[in-house]
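The file data_4.csv comes next; it holds CSV, C-alpha atoms (C1' of nucleotides).
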```
chain,number,residue,atom,x,y,z
A,1,MET,CA,56.9,-1.8,-151.8
A,2,LEU,CA,55.6,1.7,-152.8
A,3,GLU,CA,58.8,3.3,-151.5
A,4,THR,CA,61.0,0.8,-153.2
A,5,TYR,CA,59.3,0.5,-156.6
A,6,GLY,CA,57.3,3.8,-156.8
A,7,PRO,CA,53.8,4.1,-158.2
A,8,ARG,CA,53.2,1.6,-161.0
A,9,HIS,CA,50.7,3.7,-163.0
A,10,TRP,CA,48.5,0.7,-163.9
A,11,TRP,CA,46.9,-0.6,-166.1
A,12,PRO,CA,49.4,0.0,-169.1
A,13,ALA,CA,46.8,0.6,-171.8
A,14,GLU,CA,45.5,3.6,-173.8
A,15,THR,CA,41.8,2.6,-173.9
A,16,PRO,CA,39.4,0.5,-171.9
A,17,PHE,CA,39.2,-1.9,-174.8
A,18,GLU,CA,43.0,-2.3,-175.0
A,19,MET,CA,42.9,-2.9,-171.2
A,20,CYS,CA,40.4,-5.8,-171.6
A,21,VAL,CA,42.4,-7.3,-174.5
A,22,GLY,CA,45.6,-7.1,-172.4
A,23,ALA,CA,43.8,-8.8,-169.4
A,24,ILE,CA,42.9,-11.8,-171.6
A,25,LEU,CA,46.3,-12.0,-173.4
A,26,THR,CA,48.3,-11.9,-170.1
A,27,GLN,CA,46.7,-15.0,-168.7
A,28,ASN,CA,49.7,-17.2,-167.6
A,29,THR,CA,51.9,-15.2,-169.9
A,30,ALA,CA,54.8,-12.7,-169.5
A,31,TRP,CA,53.8,-9.1,-170.1
A,32,SER,CA,56.7,-8.6,-172.5
A,33,ASN,CA,55.0,-11.1,-174.8
A,34,VAL,CA,51.7,-9.4,-174.5
A,35,GLU,CA,53.2,-6.1,-175.5
A,36,LYS,CA,54.4,-7.7,-178.8
A,37,ALA,CA,50.9,-9.0,-179.4
A,38,ILE,CA,49.3,-5.7,-178.6
A,39,ASP,CA,51.7,-3.9,-181.0
A,40,ASN,CA,50.8,-6.4,-183.7
A,41,LEU,CA,47.0,-5.8,-183.2
A,42,LYS,CA,47.6,-2.1,-183.3
A,43,SER,CA,49.6,-2.2,-186.5
A,44,ARG,CA,47.0,-4.4,-188.1
A,45,GLY,CA,44.3,-1.9,-187.1
A,46,ILE,CA,42.3,-4.3,-185.1
A,47,LEU,CA,42.8,-3.0,-181.6
A,48,ASP,CA,39.3,-1.5,-181.3
A,49,LEU,CA,36.0,-3.2,-180.7
A,50,GLU,CA,34.5,-2.8,-184.2
A,51,SER,CA,37.6,-3.8,-186.1
A,52,MET,CA,38.4,-6.8,-184.0
A,53,HIS,CA,34.8,-7.9,-184.1
A,54,SER,CA,34.8,-7.9,-187.9
A,55,ALA,CA,38.3,-9.4,-188.2
A,56,THR,CA,38.9,-13.1,-189.0
A,57,ARG,CA,40.0,-15.5,-186.4
A,58,GLU,CA,43.2,-16.2,-188.4
A,59,ASN,CA,44.1,-12.5,-188.5
A,60,ILE,CA,43.7,-12.2,-184.8
A,61,ALA,CA,45.5,-15.4,-184.0
A,62,GLU,CA,48.5,-14.4,-186.2
A,63,ALA,CA,48.7,-11.0,-184.5
A,64,ILE,CA,48.7,-12.4,-181.0
A,65,ARG,CA,51.0,-15.3,-181.7
A,66,PRO,CA,53.8,-14.0,-179.4
A,67,SER,CA,51.5,-14.0,-176.4
A,68,GLY,CA,51.1,-17.8,-176.5
A,69,TYR,CA,47.9,-19.9,-176.5
A,70,PHE,CA,47.0,-17.9,-179.6
A,71,ASN,CA,44.2,-20.1,-180.9
A,72,GLN,CA,42.5,-20.2,-177.5
A,73,LYS,CA,43.0,-16.5,-176.9
A,74,ALA,CA,41.8,-15.5,-180.4
A,75,ARG,CA,38.5,-17.3,-179.7
A,76,ARG,CA,38.3,-15.7,-176.3
A,77,LEU,CA,38.8,-12.2,-177.7
A,78,MET,CA,36.2,-12.8,-180.4
A,79,MET,CA,33.7,-14.0,-177.8
A,80,PHE,CA,34.3,-10.9,-175.7
A,81,CYS,CA,33.7,-8.7,-178.7
A,82,ASP,CA,30.6,-10.7,-179.7
A,83,HIS,CA,29.2,-10.2,-176.2
A,84,VAL,CA,29.7,-6.4,-176.1
A,85,VAL,CA,28.2,-6.1,-179.6
A,86,ILE,CA,25.2,-8.3,-178.9
A,87,SER,CA,24.4,-7.4,-175.2
A,88,HIS,CA,25.5,-3.8,-175.1
A,89,ASN,CA,25.0,-2.6,-178.7
A,90,GLY,CA,28.7,-2.4,-179.2
A,91,CYS,CA,29.3,0.0,-176.4
A,92,LEU,CA,32.0,-1.2,-174.0
A,93,GLU,CA,31.4,1.7,-171.6
A,94,ASP,CA,27.8,0.7,-171.2
A,95,MET,CA,29.0,-2.8,-170.1
A,96,LEU,CA,31.7,-1.5,-167.8
A,97,TYR,CA,29.6,1.2,-166.0
A,98,GLN,CA,27.0,-1.2,-164.7
A,99,ASP,CA,26.5,-2.3,-161.1
A,100,ILE,CA,29.7,-4.1,-160.0
A,101,ASP,CA,28.0,-7.4,-159.2
A,102,ILE,CA,26.1,-7.5,-162.4
A,103,LEU,CA,29.3,-6.8,-164.3
A,104,ARG,CA,31.3,-9.5,-162.5
A,105,ARG,CA,28.7,-12.2,-163.1
A,106,GLU,CA,28.5,-11.1,-166.8
A,107,LEU,CA,32.3,-11.3,-167.2
A,108,LEU,CA,32.5,-14.7,-165.5
A,109,SER,CA,29.8,-16.0,-167.8
A,110,LEU,CA,32.1,-15.5,-170.8
A,111,HIS,CA,34.2,-18.5,-171.8
A,112,GLY,CA,37.8,-17.8,-170.9
A,113,ILE,CA,37.2,-15.1,-168.4
A,114,GLY,CA,37.8,-16.4,-164.8
A,115,PRO,CA,37.9,-14.6,-161.5
A,116,GLU,CA,41.3,-12.8,-161.9
A,117,THR,CA,40.6,-11.6,-165.5
A,118,ALA,CA,37.1,-10.5,-164.4
A,119,ASP,CA,38.4,-8.6,-161.4
A,120,SER,CA,41.2,-7.0,-163.4
A,121,ILE,CA,38.7,-5.6,-165.9
A,122,ILE,CA,36.5,-4.3,-163.0
A,123,LEU,CA,39.4,-2.7,-161.2
A,124,TYR,CA,41.5,-1.4,-164.1
A,125,GLY,CA,38.8,-1.1,-166.8
A,126,ALA,CA,35.8,0.0,-164.9
A,127,CYS,CA,37.7,1.7,-162.0
A,128,LYS,CA,35.6,0.0,-159.3
A,129,PRO,CA,37.1,-1.2,-155.9
A,130,VAL,CA,37.7,-4.9,-156.3
A,131,PHE,CA,40.9,-6.5,-155.0
A,132,VAL,CA,42.6,-8.6,-157.7
A,133,VAL,CA,44.2,-11.9,-156.6
A,134,ASP,CA,46.9,-13.5,-158.6
A,135,ALA,CA,49.6,-16.2,-158.2
A,136,TYR,CA,52.1,-13.6,-156.9
A,137,THR,CA,49.8,-12.4,-154.2
A,138,ILE,CA,49.2,-15.9,-153.0
A,139,ARG,CA,52.8,-16.9,-153.1
A,140,ILE,CA,54.1,-13.8,-151.3
A,141,PHE,CA,51.5,-13.9,-148.5
A,142,THR,CA,51.8,-17.6,-148.0
A,143,ARG,CA,55.6,-17.2,-147.6
A,144,LEU,CA,54.9,-14.4,-145.1
A,145,GLY,CA,52.8,-16.8,-143.1
A,146,LEU,CA,49.7,-14.7,-143.5
A,147,LEU,CA,47.7,-17.0,-145.8
A,148,SER,CA,47.0,-20.7,-145.6
A,149,THR,CA,44.5,-21.0,-148.5
A,150,ARG,CA,44.9,-20.8,-152.2
A,151,ASP,CA,41.1,-20.4,-152.8
A,152,TYR,CA,40.6,-17.2,-154.8
A,153,HIS,CA,37.6,-15.8,-152.9
A,154,GLU,CA,39.0,-16.7,-149.5
A,155,VAL,CA,42.2,-14.8,-150.4
A,156,GLN,CA,40.2,-11.9,-151.8
A,157,ASP,CA,38.1,-11.8,-148.6
A,158,TYR,CA,41.3,-11.6,-146.5
A,159,PHE,CA,42.4,-8.4,-148.3
A,160,THR,CA,39.0,-6.7,-148.6
A,161,SER,CA,38.2,-7.3,-145.0
A,162,ASN,CA,41.5,-5.8,-143.9
A,163,LEU,CA,41.8,-2.9,-146.3
A,164,LYS,CA,39.8,0.3,-146.7
A,165,GLU,CA,37.6,-0.1,-149.8
A,166,ASP,CA,39.5,2.2,-152.1
A,167,THR,CA,40.0,1.9,-155.9
A,168,GLY,CA,43.3,3.7,-155.9
A,169,LEU,CA,44.7,1.5,-153.0
A,170,PHE,CA,43.6,-1.7,-154.7
A,171,ASN,CA,45.0,-0.5,-158.0
A,172,GLU,CA,48.5,0.2,-156.6
A,173,TYR,CA,48.6,-2.7,-154.2
A,174,HIS,CA,48.0,-5.4,-156.8
A,175,ALA,CA,50.4,-3.7,-159.2
A,176,LEU,CA,53.1,-3.5,-156.5
A,177,LEU,CA,52.6,-7.2,-155.6
A,178,VAL,CA,53.2,-8.1,-159.3
A,179,GLU,CA,56.3,-6.0,-159.4
A,180,HIS,CA,57.6,-7.6,-156.2
A,181,GLY,CA,56.6,-11.1,-157.3
A,182,LYS,CA,58.6,-10.7,-160.6
A,183,GLU,CA,61.8,-9.7,-158.8
A,184,ARG,CA,64.5,-12.3,-158.9
A,185,CYS,CA,65.9,-13.4,-155.6
A,186,ARG,CA,69.5,-12.4,-155.2
A,187,ALA,CA,70.4,-15.2,-152.9
A,188,ARG,CA,68.6,-17.9,-154.7
A,189,PRO,CA,67.7,-17.1,-158.4
A,190,ALA,CA,65.0,-19.8,-158.6
A,191,CYS,CA,63.1,-18.0,-155.8
A,192,ARG,CA,61.1,-15.0,-156.9
A,193,GLY,CA,59.3,-12.5,-154.8
A,194,CYS,CA,60.7,-14.1,-151.7
A,195,PRO,CA,60.4,-11.7,-148.7
A,196,LEU,CA,62.0,-14.0,-146.2
A,197,GLU,CA,65.7,-13.5,-146.3
A,198,GLU,CA,67.8,-10.4,-145.6
A,199,GLY,CA,69.0,-8.9,-148.9
A,200,CYS,CA,67.0,-11.3,-151.0
A,201,CYS,CA,65.0,-8.7,-152.7
A,202,ARG,CA,64.8,-4.9,-152.8
A,203,VAL,CA,61.9,-4.8,-150.4
A,204,GLY,CA,63.2,-5.3,-146.8
A,205,LEU,CA,60.7,-6.9,-144.5
J,206,DA,C1',67.9,-28.2,-171.7
J,207,DC,C1',65.5,-26.8,-168.6
J,208,DC,C1',62.0,-23.4,-165.8
J,209,DC,C1',58.7,-19.9,-165.6
J,210,DA,C1',55.1,-16.4,-167.1
J,211,DG,C1',50.0,-10.7,-164.2
J,212,DG,C1',44.9,-18.2,-165.9
J,213,DT,C1',41.1,-20.9,-167.5
J,214,DG,C1',38.3,-24.9,-168.5
J,215,DG,C1',37.7,-29.8,-168.8
J,216,DC,C1',37.9,-34.1,-166.7
J,217,DC,C1',38.5,-37.2,-162.9
J,218,DC,C1',37.7,-38.9,-158.3
C,219,DG,C1',36.4,-29.5,-153.1
C,220,DG,C1',41.1,-30.7,-154.9
C,221,DG,C1',44.6,-32.7,-158.4
C,222,DC,C1',46.0,-33.1,-163.1
C,223,DC,C1',46.2,-31.7,-167.9
C,224,DA,C1',46.2,-28.9,-172.4
C,225,DC,C1',46.9,-24.6,-174.2
C,226,DA,C1',52.1,-22.1,-176.7
C,227,DT,C1',55.5,-18.3,-177.1
C,228,DG,C1',59.8,-16.0,-175.5
C,229,DG,C1',63.2,-14.9,-171.9
C,230,DG,C1',66.5,-16.2,-168.1
```

This structure in structure tokens:
Amino acid sequence: MLETYGPRHWWPAETPFEMCVGAILTQNTAWSNVEKAIDNLKSRGILDLESMHSATRENIAEAIRPSGYFNQKARRLMMFCDHVVISHNGCLEDMLYQDIDILRRELLSLHGIGPETADSIILYGACKPVFVVDAYTIRIFTRLGLLSTRDYHEVQDYFTSNLKEDTGLFNEYHALLVEHGKERCRARPACRGCPLEEGCCRVGL
DNA sequence: ACCCAGGTGGCCC
DNA sequence: GGGCCACATGGG
């Protein structure tokens, strides 16, 4: 995948806060829609912790409308901001640079942040070695016959017990799996990220 | 007119 | 623990 696609340079964000916002906005949503939402937040001047924390829910919701689930996600973003302000004196870095297990439990305690969003923030926001599992990862490895469970932590254990614990490796691997998973199958367009047929995708297996 | 997208939480059994 | 549902916009 690395040879085919090249380094992905993830996460596509200019600040840790923007990274966290993107992680929430991309839940079950195409990244192209998230980009529109991020641009709207930026042009409204509410893509930093203090500004978003003091913004109204309506203003946030209107800005992120293109990313879908905008009412739900506006609340989730506000709760994330509230948490950083209340529990970390408004300093996101203080939150991110904690012990990795403490940070994970803290993120999971927030409404609307589940295992994938939490791990994305830990890997790409805090730069700590946690393997991120998503729908593409499960689909690709199930098709390869290497996975027989869809349980998040069982899948995660499969990777972390077979890979060197390395932030750079985990960063690139997950990003490449997403790139591969998005690729449309040449033979059968309905099939994405299918590694099973000759010439089906750009990655030969 | 479909189907899917870098999930999560609630509810049911 | 697993199976369904709501949440919502935009692109193929």

Checklist entry - Excluding same-chain residues fewer than 4 positions from stretch 220-223 of chain C, what lies within 9 Å of it counting only C-alpha atoms (C1' of nucleotides), as a VMD selection string? => result chain J and resid 215 to 217

Would you give me, as JSON lines, each residue of chain A having an atom within 8 Å of an atom of chain J, along with its shortest atom pair and that distance in Å to one decimal, using only C-alpha atoms (C1' of nucleotides) and sorting by chain and residue number?
```
{"residue": "A:Thr26", "atom": "CA", "partner": "J:DG211", "partner_atom": "C1'", "distance": 6.3}
{"residue": "A:Gln27", "atom": "CA", "partner": "J:DG212", "partner_atom": "C1'", "distance": 4.6}
{"residue": "A:Asn28", "atom": "CA", "partner": "J:DG212", "partner_atom": "C1'", "distance": 5.2}
{"residue": "A:Thr29", "atom": "CA", "partner": "J:DA210", "partner_atom": "C1'", "distance": 4.4}
{"residue": "A:Ala30", "atom": "CA", "partner": "J:DA210", "partner_atom": "C1'", "distance": 4.4}
{"residue": "A:Trp31", "atom": "CA", "partner": "J:DG211", "partner_atom": "C1'", "distance": 7.2}
{"residue": "A:Gly112", "atom": "CA", "partner": "J:DT213", "partner_atom": "C1'", "distance": 5.7}
{"residue": "A:Ile113", "atom": "CA", "partner": "J:DT213", "partner_atom": "C1'", "distance": 7.0}
{"residue": "A:Gly114", "atom": "CA", "partner": "J:DT213", "partner_atom": "C1'", "distance": 6.2}
{"residue": "A:Glu116", "atom": "CA", "partner": "J:DG212", "partner_atom": "C1'", "distance": 7.6}
{"residue": "A:Thr117", "atom": "CA", "partner": "J:DG212", "partner_atom": "C1'", "distance": 7.9}
{"residue": "A:Asp134", "atom": "CA", "partner": "J:DG211", "partner_atom": "C1'", "distance": 7.0}
{"residue": "A:Val178", "atom": "CA", "partner": "J:DG211", "partner_atom": "C1'", "distance": 6.4}
```

Next on the checklist: Taking only C-alpha atoms (C1' of nucleotides) into account, find every residue of chain C that has an atom no more than 10 Å from chain A, and write it out as a list of chain:residue names.
Outcome noted: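 Every residue meeting the condition is included here: C:DC225, C:DA226, C:DT227, C:DG228, C:DG229, C:DG230.
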
Checklist entry - Expressed in Å to a single decimal, how great is the separation between atom CA of A:Asp82 and atom C1' of C:DA224? => result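 Computing it gives 25.1 Å between the two atoms.
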
Checklist entry - For the atom pair atom CA of A:Leu163 and atom CA of A:Val203, what is the interatomic distance in Å to one decimal place? => result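 That distance, rounded to one decimal, is 20.6 Å.
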
Checklist entry - atom CA of A:Arg192 and atom CA of A:Lys36 are how many Å apart? => result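 These atoms are spaced 24.0 Å apart.
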
Item to check | Residue contacts of A:Trp10 (7 Å, all atoms listed in the file) excluding same-chain residues fewer than 2 positions away, as a PyMOL selection string | outcome: chain A and resi 8+12+171+175

Distance cut-off 8 Å, centre (55.7, -4.4, -151.0) in file coordinates, counting only C-alpha atoms (C1' of nucleotides): which residues qualify? Return them as a PDB file with C-alpha atoms, keeping the file's coordinate frame.
```pdb
ATOM      1  CA  MET A   1      56.900  -1.800-151.800  1.00  0.00           C
ATOM      2  CA  LEU A   2      55.600   1.700-152.800  1.00  0.00           C
ATOM      3  CA  THR A   4      61.000   0.800-153.200  1.00  0.00           C
ATOM      4  CA  TYR A 173      48.600  -2.700-154.200  1.00  0.00           C
ATOM      5  CA  LEU A 176      53.100  -3.500-156.500  1.00  0.00           C
ATOM      6  CA  LEU A 177      52.600  -7.200-155.600  1.00  0.00           C
ATOM      7  CA  HIS A 180      57.600  -7.600-156.200  1.00  0.00           C
ATOM      8  CA  VAL A 203      61.900  -4.800-150.400  1.00  0.00           C
TER       9      VAL A 203
END
```

Item to check | Shell of 9 Å around A:Arg104, only C-alpha atoms (C1' of nucleotides), local chain residues under 4 positions omitted, as number ranges by chain | outcome: A: 99-100, 108-109, 115, 118-119, 122

Write stretch 37-57 of chain A as an mmCIF file, keeping the file's coordinate frame, completed to N, CA and C atoms.
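The new file selection-v6.cif reads:
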```
data_model
loop_
_atom_site.group_PDB
_atom_site.id
_atom_site.type_symbol
_atom_site.label_atom_id
_atom_site.label_comp_id
_atom_site.auth_asym_id
_atom_site.auth_seq_id
_atom_site.Cartn_x
_atom_site.Cartn_y
_atom_site.Cartn_z
ATOM 1 N N ALA A 37 52.174 -8.720 -178.839
ATOM 2 C CA ALA A 37 50.900 -9.000 -179.400
ATOM 3 C C ALA A 37 50.019 -7.776 -179.577
ATOM 4 N N ILE A 38 50.035 -6.911 -178.563
ATOM 5 C CA ILE A 38 49.300 -5.700 -178.600
ATOM 6 C C ILE A 38 49.772 -4.780 -179.776
ATOM 7 N N ASP A 39 51.099 -4.698 -179.903
ATOM 8 C CA ASP A 39 51.700 -3.900 -181.000
ATOM 9 C C ASP A 39 51.216 -4.468 -182.352
ATOM 10 N N ASN A 40 51.193 -5.788 -182.485
ATOM 11 C CA ASN A 40 50.800 -6.400 -183.700
ATOM 12 C C ASN A 40 49.286 -6.087 -184.035
ATOM 13 N N LEU A 41 48.447 -6.156 -183.002
ATOM 14 C CA LEU A 41 47.000 -5.800 -183.200
ATOM 15 C C LEU A 41 46.882 -4.389 -183.630
ATOM 16 N N LYS A 42 47.681 -3.515 -183.005
ATOM 17 C CA LYS A 42 47.600 -2.100 -183.300
ATOM 18 C C LYS A 42 48.031 -1.837 -184.765
ATOM 19 N N SER A 43 49.140 -2.459 -185.180
ATOM 20 C CA SER A 43 49.600 -2.200 -186.500
ATOM 21 C C SER A 43 48.718 -2.814 -187.589
ATOM 22 N N ARG A 44 47.943 -3.822 -187.206
ATOM 23 C CA ARG A 44 47.000 -4.400 -188.100
ATOM 24 C C ARG A 44 45.637 -3.643 -188.086
ATOM 25 N N GLY A 45 45.563 -2.653 -187.195
ATOM 26 C CA GLY A 45 44.300 -1.900 -187.100
ATOM 27 C C GLY A 45 43.160 -2.595 -186.523
ATOM 28 N N ILE A 46 43.425 -3.590 -185.657
ATOM 29 C CA ILE A 46 42.300 -4.300 -185.100
ATOM 30 C C ILE A 46 42.332 -4.283 -183.552
ATOM 31 N N LEU A 47 42.781 -3.131 -183.007
ATOM 32 C CA LEU A 47 42.800 -3.000 -181.600
ATOM 33 C C LEU A 47 41.660 -2.055 -181.087
ATOM 34 N N ASP A 48 40.531 -2.135 -181.774
ATOM 35 C CA ASP A 48 39.300 -1.500 -181.300
ATOM 36 C C ASP A 48 38.165 -2.453 -181.503
ATOM 37 N N LEU A 49 37.103 -2.251 -180.766
ATOM 38 C CA LEU A 49 36.000 -3.200 -180.700
ATOM 39 C C LEU A 49 35.455 -3.558 -182.110
ATOM 40 N N GLU A 50 35.118 -2.536 -182.890
ATOM 41 C CA GLU A 50 34.500 -2.800 -184.200
ATOM 42 C C GLU A 50 35.417 -3.545 -185.118
ATOM 43 N N SER A 51 36.671 -3.113 -185.182
ATOM 44 C CA SER A 51 37.600 -3.800 -186.100
ATOM 45 C C SER A 51 37.899 -5.193 -185.698
ATOM 46 N N MET A 52 38.103 -5.419 -184.404
ATOM 47 C CA MET A 52 38.400 -6.800 -184.000
ATOM 48 C C MET A 52 37.162 -7.668 -184.181
ATOM 49 N N HIS A 53 35.983 -7.099 -183.951
ATOM 50 C CA HIS A 53 34.800 -7.900 -184.100
ATOM 51 C C HIS A 53 34.564 -8.350 -185.546
ATOM 52 N N SER A 54 35.020 -7.545 -186.491
ATOM 53 C CA SER A 54 34.800 -7.900 -187.900
ATOM 54 C C SER A 54 36.078 -8.603 -188.473
ATOM 55 N N ALA A 55 37.136 -8.737 -187.674
ATOM 56 C CA ALA A 55 38.300 -9.400 -188.200
ATOM 57 C C ALA A 55 38.160 -10.912 -188.168
ATOM 58 N N THR A 56 38.970 -11.589 -188.979
ATOM 59 C CA THR A 56 38.900 -13.100 -189.000
ATOM 60 C C THR A 56 39.688 -13.618 -187.825
ATOM 61 N N ARG A 57 39.339 -14.852 -187.458
ATOM 62 C CA ARG A 57 40.000 -15.500 -186.400
ATOM 63 C C ARG A 57 41.512 -15.703 -186.690
#
```
